[in-house]
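Here's the structure, in C-alpha cells; my notes come after.
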Amino acid sequence: MPAANLTRAEATERSALVSAPSYEVVLDLTRGAENFRSETTVRFTGVPGSATFIEACTDVIHSITLNGRTLDAAAVSDGTRIRLEQLEADNELHVVADARYTNTGEGLHRFVDPVDGEAYLYTEFAVAEANRVFAVFDQPDLKASFRFTITAPAHWTVLSNAPSPEPVAEPVEAASPSTGSGNATSATWSFEPGPVISSYIVALIAGPYAAWHGSARSIDGRDIPLGLFTRGSLAQYAEPDVMFDTVQAGLAFYETAFGVPYPYGKYDQIFVPEYNWGAMENVGAVTFNESYLFRARVSDARREQRAIVVLHELSHMWFGNSVTMRWWNDLWLNESFATWASTLATSQVTEFTGVWATFASDEKTHAAEQDQLPSTHPVVAEIRDLADVEVNFDKITYDKGASVLKQLVAWVGLEAFQRGVGAYLTAHAGGNATLRDLLDELERASGRELTQWSKLWLETAGVNTLRAVVETDAAGIITAAHIEQSAATTHPTLRPHRLAIGFYTADPAGALVRTNRIELDVDGASTDVPELVGLPRPDLLLVNDDDLTYAKVRLDERSFATAVARLAELPDPVARAVVLGSAWDAVRDAELPATDFVRLVLGSVGHETQSAARGLALGRLELALTQYLADEHRETLSAEAGDAVWALAELAEAGSDAQLQFVKAFTRIASSQAHGDVLGGLHDGSIKLDGLDVDLDLRWEIVIARAALGAASGEIDGALELDDTAKGRQLAETARAARPDQAVKDAAWRRVATDRSLSNDLARAIAEGWRRTVDPLLLASTIEDYFAMLQSVWAGRSFTMASLIVSRLFPSPLVDDGLAAAARDWLRANPTPAPLHRLVSEQLDELERALAARERDAADAPTRSEWTGADR
C-alpha cells in the first residue's frame, strides 16, 4: 500500500499543534511470515481543543484510545492516518494494530535466507516509513525518544538505537509455533528509551545475525561500543577489522575536525539483505547494503567506495542526526555535507589518499549530468510533499551539494569552515536547524558574507561552463588572457568561482609537469587574468586545476590535443580527472564525437594508476560504445574496443588490480562471437591469465555476458549449483533474462511489471538482465505496454517498486526516434503526478542526448575549435 503523502503545509500546521512526543512501542514478531502485532503508546503536548492526525499504515486496527476515550477505528482511520480530535494540553494515544512485513525494503522488511532457512528483519524508515511499523508523527522536526519492547524468537539478536538489553525468555507454552525461523522458543527484549531523534532514523533489526564487537575511544574519555552484524551465511565475508578500524579512525577525525564528541552511546553496523540504499545513518545502528560484503576479490576502487560509505554514515551522527533539518528542503544539508566530509576523511585516515580524484571524476560528473536534466532543481529544493522528497535523493542533493561545499571551503578556507560547522553542531545539538543557521556560523567564523553566495550557488539550478581564452605573440608568449563563463539559457545564472589555473609542459623525460599555478576569483561572463601575461603558453592550460569549483570545463585546441596524446603522462590524478571529465561532458553535449572519446580512453586507460579513475573511464567507455556511437561505427568500433581491453588485460601485471578491472570491463563490452569464445575459454579454463582466479563473482559476470551473447547454454544452472544463495539466485535471474530471445525478453519485462510477489532485489535483477543486450531491438516490443501501464503502477505500488518499474523498464538501450516520440506524447498527455512525470522526462532527456551524440558521431570529424572554443 502506498503511504500517505504528507505535505509541508500539513507538517507545519501539525508542528504548531503538537510537541514533545515520546513513544513506547511493543512489537510481536512471532506471529508468522505476513503480519506482526504493533502496539503504540504516544505521549505528547497539544493545543487544547485542536485536531490533527498521526500516521499509521495498518492492516487491521484492533483499538484506538485517546486520553481514555475509545475511538471508532472505522471512523477515524483510513489505513494510513488516524484523525485525532479534541486534543488536551497533555495527551496519551494508544493504538493496537496488525501491520504487514514488506519485501520492498520499506518499513519492516522480512527476508528468508535460502541457505539456512532463517528469517532476517530490518527497518528502513526514510523518508517517512516508520508508520508502517507503529503509529507516529512521521516528520523530522517532531523529534522524540522511542522505547521498544520486542518479542521474537529467542535465538535472534535484536538491535535498535539504544543498547540491546538481555532478553527474557517467554514461557514455552506461550511461544508461537509460527515464527518462520524453525524455532518455537520466544523471548522479549525491553529496551530503555533511546536518544531523542527524528522518526526516519529510528531502527529495528532482528534475526539470528552473526556478531563481532569492538570499541572506539571518544575525546571525552568514553569508550564507544562498536558492533558488526551480518547474516550467518555471509559471516565469512564480514572483515570486522577493516570495518572497526575505519570507524575508529573516522570517529577520531570527525571529533577533532568538528570539536564535538561523538553524540551517542554506541555504534553498530549491520549488513542487511535486499537493501534499497547503499547505507542508512540510523542513530547508532547503521544499515548497509550487502554488496559491501565482498564475496570475492574486488577492485581497489570498490574498497575505496566502501570506505567512503562507512565514513559518510558516520559523519551523519553529527550532521543530520544530532542536528537535523526541520523539513526536507534541507535534505541536502545532510547528504551533501556527509558526501564532502567523508571524502575529506577518506583522504586523511585511510589508504585511499587520492580519493579527491575520484570525487572529480565521479561525483562532480554525475552532478553535472543531473544538473542538465529537465528536472534539475536548486540544491535547496522546493519540497512540497513527501513525493517530492523521494525523487530528490539524487545527484544534485548528494553530489552537486558536496561539490558546492567544496567550493565553499575554497571560498572561506578549511579551518574557518570546520570552526563554523563545529559552532553550528554545538548550538543546535539534539535539535533541528536550517541552512540559515549554518550560514550564520560560517559567516562568523570566516568573516565572509554568504547570503548572496548562497542565493547564487544553492538557490539556483544549472551548471556553468568555463574556458580560458588567451592571445599570444609570434614567440608564444601570452599577451592577454581571460576566463569566459557561460550558462544554459534555461538556467542563466553566472556564479562566483574560486578556482586555479594550471600550466603543464612536457619535461625532457616526457612527463607533463606543472610549471605554474594561479588561484583566483572568477565572476561574471569574463574575468581578466593579468597574472598570465608574459608567461610562455604551456602545452596544456588547465582551467579548474585541483578541481576547486563545480563547473564544466572546455579546453582550448592546443590543450585538448596535448591531453589526447599525453593524458597518461599527467602525473596528478585530479588533473587527469578534470581533463577526462571535460571530454566526457563534450561527448554528452554532442560537441565531441564519441569515436574520439573511445580512442582517448583506449589510448590512456592502460597507463592509469588510480583504480577508481580506471574503473570510471572503463564505465564511460561502455556507455559511449552502447549509447553514443553512430550506427555505422558501432559494430566495428565495439569489436575493436573489446579486443583492445582484452589485450590490456593480457598485458597487465599478473594479479594486479588493473588486470582484474580490464577483465571485468571486457565482460561488460564483449559484443562479438569472438569475444564470447574468449569468455568461454576463461569459464572452462582453456584460457588463463597468470594471477587471475575465476572466482565466485567473476564466474557470474562471465556467465551473464555469455548469456547476453547467446552462448551460455547450461552454464547458468552450473553457476547456480556452485552458488545456491540469495545472491546466486538473483544473478541467475539476470543471466536468464539477458538471453537474446524475444520470448525471454518479453517474459522478463512482464514479470517485473506485474508480479507483486517479486522482492525489490529480485525485480532489479530481472530488469538488469532484460536491459542487457547486444540487440536493443529485442526491447522494442514493450514500448506500447510500458507507457500504458505507468499511471496504474504509480497509483498502486509503493514508491520503491513504482520508481524501479518506471526507471528500469524504460528501454534505454534502444536509441530510437520512435521511442522518443512516444515518450514526448505520453509526457504531454500526463503532466501529473509530478514525480512520475519527472522520472519519464529524465529517461527521455538521456535518450535525446544519445540521439544527438549519434548524429554528431555520424558527421564528419569536427575541427577542434567547433567544441573547444576559438583559440585567439
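Naming works like this for the C-alpha cells: A, B, ... for the chains as they're shown, residue 1 at the start of each chain, ligands 1 onward in shown order.
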Compile a residue-level contact table for region 695-804 of chain A against region 646-661 of chain A at a cut-off of 12 Å, reporting for every qualifying residue the shortest atom pair and its distance in Å to one decimal, with only C-alpha atoms counted, rows ordered by chain and ascending number, as JSON lines.
```
{"residue": "A:Asp695", "atom": "CA", "partner": "A:Leu660", "partner_atom": "CA", "distance": 11.2}
{"residue": "A:Asp697", "atom": "CA", "partner": "A:Leu660", "partner_atom": "CA", "distance": 11.5}
{"residue": "A:Leu698", "atom": "CA", "partner": "A:Leu660", "partner_atom": "CA", "distance": 9.2}
```
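Near region 375-390 of chain A, within a cut-off of 6 Å and counting only C-alpha atoms, sit the residues Asn5, Leu6, Thr7, Arg8, Asn329, Asp371, Leu373, Asn392, Thr397, Gly401, Leu458, Glu459, Thr460 and Ala461 of chain A, with same-chain residues fewer than 2 positions away left out.
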Residues as selected, all heavy atoms, written as a CSV table (one decimal), in the first residue's frame, can you do that?
```csv
chain,number,residue,atom,x,y,z
A,5,ASN,N,0.8,10.8,1.6
A,5,ASN,CA,1.7,11.8,1.1
A,5,ASN,C,1.6,13.1,1.9
A,5,ASN,O,0.8,14.0,1.6
A,5,ASN,CB,1.4,12.1,-0.4
A,5,ASN,CG,2.4,13.0,-1.0
A,5,ASN,OD1,3.5,13.1,-0.5
A,5,ASN,ND2,2.0,13.7,-2.0
A,6,LEU,N,2.4,13.2,3.0
A,6,LEU,CA,2.4,14.3,3.9
A,6,LEU,C,2.9,15.6,3.1
A,6,LEU,O,4.0,15.5,2.5
A,6,LEU,CB,3.3,14.0,5.1
A,6,LEU,CG,3.4,15.2,6.1
A,6,LEU,CD1,2.1,15.3,6.9
A,6,LEU,CD2,4.6,14.9,7.1
A,7,THR,N,2.2,16.7,3.2
A,7,THR,CA,2.6,17.9,2.6
A,7,THR,C,3.4,18.8,3.6
A,7,THR,O,3.2,18.6,4.9
A,7,THR,CB,1.4,18.7,2.1
A,7,THR,OG1,0.6,19.2,3.1
A,7,THR,CG2,0.6,17.8,1.1
A,8,ARG,N,4.1,19.7,3.1
A,8,ARG,CA,4.8,20.6,4.0
A,8,ARG,C,3.9,21.5,4.8
A,8,ARG,O,4.1,21.7,6.0
A,8,ARG,CB,5.8,21.5,3.2
A,8,ARG,CG,6.6,22.5,4.1
A,8,ARG,CD,7.6,23.3,3.3
A,8,ARG,NE,8.5,24.0,4.2
A,8,ARG,CZ,9.6,24.7,3.8
A,8,ARG,NH1,9.9,24.7,2.5
A,8,ARG,NH2,10.3,25.4,4.6
A,329,ASN,N,13.3,20.2,2.6
A,329,ASN,CA,14.0,21.1,1.7
A,329,ASN,C,15.5,21.3,2.0
A,329,ASN,O,16.3,21.6,1.2
A,329,ASN,CB,13.4,22.5,1.6
A,329,ASN,CG,13.3,23.2,3.0
A,329,ASN,OD1,12.8,22.6,4.0
A,329,ASN,ND2,13.9,24.4,3.1
A,371,ASP,N,22.3,17.9,-13.3
A,371,ASP,CA,22.0,19.3,-13.4
A,371,ASP,C,21.6,19.8,-14.7
A,371,ASP,O,21.1,20.9,-14.9
A,371,ASP,CB,23.2,20.1,-12.9
A,371,ASP,CG,22.9,21.4,-12.1
A,371,ASP,OD1,21.7,21.6,-12.0
A,371,ASP,OD2,23.8,22.1,-11.7
A,373,LEU,N,19.5,17.9,-16.7
A,373,LEU,CA,18.2,17.2,-17.0
A,373,LEU,C,17.1,18.3,-16.9
A,373,LEU,O,17.2,19.3,-16.2
A,373,LEU,CB,18.0,16.1,-16.0
A,373,LEU,CG,18.9,14.8,-16.2
A,373,LEU,CD1,18.6,13.9,-15.0
A,373,LEU,CD2,18.6,14.2,-17.5
A,392,ASN,N,14.0,13.4,-4.9
A,392,ASN,CA,15.2,14.3,-4.8
A,392,ASN,C,16.3,13.7,-4.1
A,392,ASN,O,17.3,14.4,-3.7
A,392,ASN,CB,14.7,15.6,-4.0
A,392,ASN,CG,14.2,16.7,-5.0
A,392,ASN,OD1,14.4,16.5,-6.2
A,392,ASN,ND2,13.6,17.7,-4.5
A,397,THR,N,21.3,16.6,-4.9
A,397,THR,CA,21.2,16.6,-3.4
A,397,THR,C,22.5,16.1,-2.8
A,397,THR,O,23.0,16.6,-1.8
A,397,THR,CB,20.0,15.8,-2.9
A,397,THR,OG1,18.8,16.4,-3.4
A,397,THR,CG2,20.0,15.7,-1.4
A,401,GLY,N,25.6,19.2,-4.3
A,401,GLY,CA,25.7,19.9,-3.0
A,401,GLY,C,27.1,19.7,-2.4
A,401,GLY,O,27.7,20.7,-1.9
A,458,LEU,N,23.2,27.9,-4.2
A,458,LEU,CA,22.3,26.9,-3.5
A,458,LEU,C,20.9,27.1,-3.9
A,458,LEU,O,20.1,26.1,-3.8
A,458,LEU,CB,22.4,27.0,-2.0
A,458,LEU,CG,23.8,26.7,-1.4
A,458,LEU,CD1,23.8,26.9,0.1
A,458,LEU,CD2,24.3,25.3,-1.8
A,459,GLU,N,20.5,28.3,-4.4
A,459,GLU,CA,19.1,28.5,-4.6
A,459,GLU,C,18.8,28.7,-6.1
A,459,GLU,O,17.7,29.2,-6.5
A,459,GLU,CB,18.7,29.8,-3.8
A,459,GLU,CG,18.9,29.6,-2.3
A,459,GLU,CD,18.8,30.8,-1.5
A,459,GLU,OE1,17.9,31.7,-1.8
A,459,GLU,OE2,19.6,31.0,-0.6
A,460,THR,N,19.7,28.4,-7.0
A,460,THR,CA,19.5,28.4,-8.4
A,460,THR,C,20.0,27.1,-9.0
A,460,THR,O,20.9,26.5,-8.4
A,460,THR,CB,20.2,29.6,-9.1
A,460,THR,OG1,21.6,29.5,-8.9
A,460,THR,CG2,19.7,30.9,-8.6
A,461,ALA,N,19.5,26.7,-10.1
A,461,ALA,CA,19.9,25.4,-10.7
A,461,ALA,C,20.8,25.7,-11.9
A,461,ALA,O,20.9,26.8,-12.4
A,461,ALA,CB,18.6,24.7,-11.2
```
Worksheet item: Which residues in region 488-612 of chain A does DSSP call strand (DSSP E or B)? List them as a ChimeraX atom specification.
Response: /A:497-506,512-522,526-528,536,540-543,552-554
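Take the candidates A:Leu331, A:Val96, A:Val578, A:Ala665 and check each one against Leu621 (chain A) using only C-alpha atoms; the shortest distance goes to A:Ala665.
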Per residue of region 799-832 of chain A within 12 Å of region 746-753 of chain A, record the nearest atom pair and its distance in Å to one decimal, counting only C-alpha atoms, with rows in chain order and ascending residue number, as JSON lines.
```
{"residue": "A:Met801", "atom": "CA", "partner": "A:Val752", "partner_atom": "CA", "distance": 9.4}
{"residue": "A:Ala802", "atom": "CA", "partner": "A:Ala753", "partner_atom": "CA", "distance": 9.1}
{"residue": "A:Ser803", "atom": "CA", "partner": "A:Ala753", "partner_atom": "CA", "distance": 11.2}
{"residue": "A:Leu804", "atom": "CA", "partner": "A:Val752", "partner_atom": "CA", "distance": 9.1}
{"residue": "A:Ile805", "atom": "CA", "partner": "A:Ala753", "partner_atom": "CA", "distance": 6.2}
{"residue": "A:Val806", "atom": "CA", "partner": "A:Ala753", "partner_atom": "CA", "distance": 8.9}
{"residue": "A:Ser807", "atom": "CA", "partner": "A:Ala753", "partner_atom": "CA", "distance": 11.3}
{"residue": "A:Arg808", "atom": "CA", "partner": "A:Val752", "partner_atom": "CA", "distance": 9.2}
{"residue": "A:Leu809", "atom": "CA", "partner": "A:Trp749", "partner_atom": "CA", "distance": 6.9}
{"residue": "A:Phe810", "atom": "CA", "partner": "A:Trp749", "partner_atom": "CA", "distance": 9.9}
{"residue": "A:Pro811", "atom": "CA", "partner": "A:Trp749", "partner_atom": "CA", "distance": 10.0}
```
Store the residues picked out above, limited to N, CA, C and O atoms, as a compact mmCIF listing (two decimals), in the first residue's frame.
```txt
# COMPACT_ATOMS: atom_id res chain seq x y z
N MET A 801 8.95 0.37 -5.44
CA MET A 801 8.65 -0.53 -6.55
C MET A 801 8.17 0.23 -7.78
O MET A 801 8.52 -0.12 -8.92
N ALA A 802 7.38 1.27 -7.58
CA ALA A 802 6.91 2.05 -8.73
C ALA A 802 8.07 2.71 -9.45
O ALA A 802 8.16 2.66 -10.69
N SER A 803 8.97 3.34 -8.72
CA SER A 803 10.09 4.02 -9.37
C SER A 803 11.03 3.02 -10.01
O SER A 803 11.62 3.30 -11.06
N LEU A 804 11.19 1.84 -9.40
CA LEU A 804 12.01 0.79 -10.01
C LEU A 804 11.44 0.39 -11.37
O LEU A 804 12.16 0.29 -12.37
N ILE A 805 10.13 0.16 -11.42
CA ILE A 805 9.49 -0.25 -12.67
C ILE A 805 9.58 0.85 -13.71
O ILE A 805 9.92 0.61 -14.88
N VAL A 806 9.29 2.08 -13.32
CA VAL A 806 9.30 3.20 -14.27
C VAL A 806 10.69 3.40 -14.85
O VAL A 806 10.86 3.59 -16.07
N SER A 807 11.71 3.35 -14.01
CA SER A 807 13.07 3.67 -14.47
C SER A 807 13.74 2.50 -15.18
O SER A 807 14.40 2.69 -16.21
N ARG A 808 13.56 1.30 -14.66
CA ARG A 808 14.33 0.17 -15.17
C ARG A 808 13.66 -0.57 -16.31
O ARG A 808 14.31 -1.37 -16.99
N LEU A 809 12.37 -0.34 -16.53
CA LEU A 809 11.71 -0.97 -17.67
C LEU A 809 11.58 -0.04 -18.87
O LEU A 809 10.99 -0.41 -19.88
N PHE A 810 12.10 1.17 -18.74
CA PHE A 810 12.21 2.03 -19.92
C PHE A 810 13.34 1.45 -20.79
O PHE A 810 14.44 1.23 -20.31
N PRO A 811 13.09 1.21 -22.09
CA PRO A 811 14.09 0.52 -22.92
C PRO A 811 15.23 1.43 -23.36
O PRO A 811 15.42 1.68 -24.55
```
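Shell of Asp437 (chain A) at 12 Å, with only C-alpha atoms counted and residues fewer than 6 places along the chain excluded, is Val323, Thr324, Met325, Arg326, Asp330, Leu333, Gly420, Val421, Ala423, Tyr424, Leu425, Thr426, Ala427, His428, Gly431, Glu443, Arg444, Leu450 and Thr451 of chain A.
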Fill in: Given only C-alpha atoms as the counted atoms, nearest of A:Lys406, A:Lys364, A:His675, A:His683 to Gly710 (chain A)
A:His675
Worksheet entry | Proximity to Asp90 (chain A) - best of A:Val18, A:Val115, A:Ala33, A:Ala238, only C-alpha atoms | A:Val18
Practice prompt. Between A:Ser611, A:Thr151, A:Thr52, A:Thr434, single out the one closest to Leu17 (chain A), counting only C-alpha atoms.
Written response: A:Thr52
Worksheet entry | Residue neighbourhood Ser347 (chain A), 12 Å, only C-alpha atoms, exclusion window fewer than 5 positions, as number ranges by chain | A: 249-250, 253, 304-305, 307-308, 311, 340-342, 352-359
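Residue nearest Ala367 (chain A), chosen from A:Val529, A:Asp72, A:Lys552, A:Arg222 and counting only C-alpha atoms: A:Lys552.
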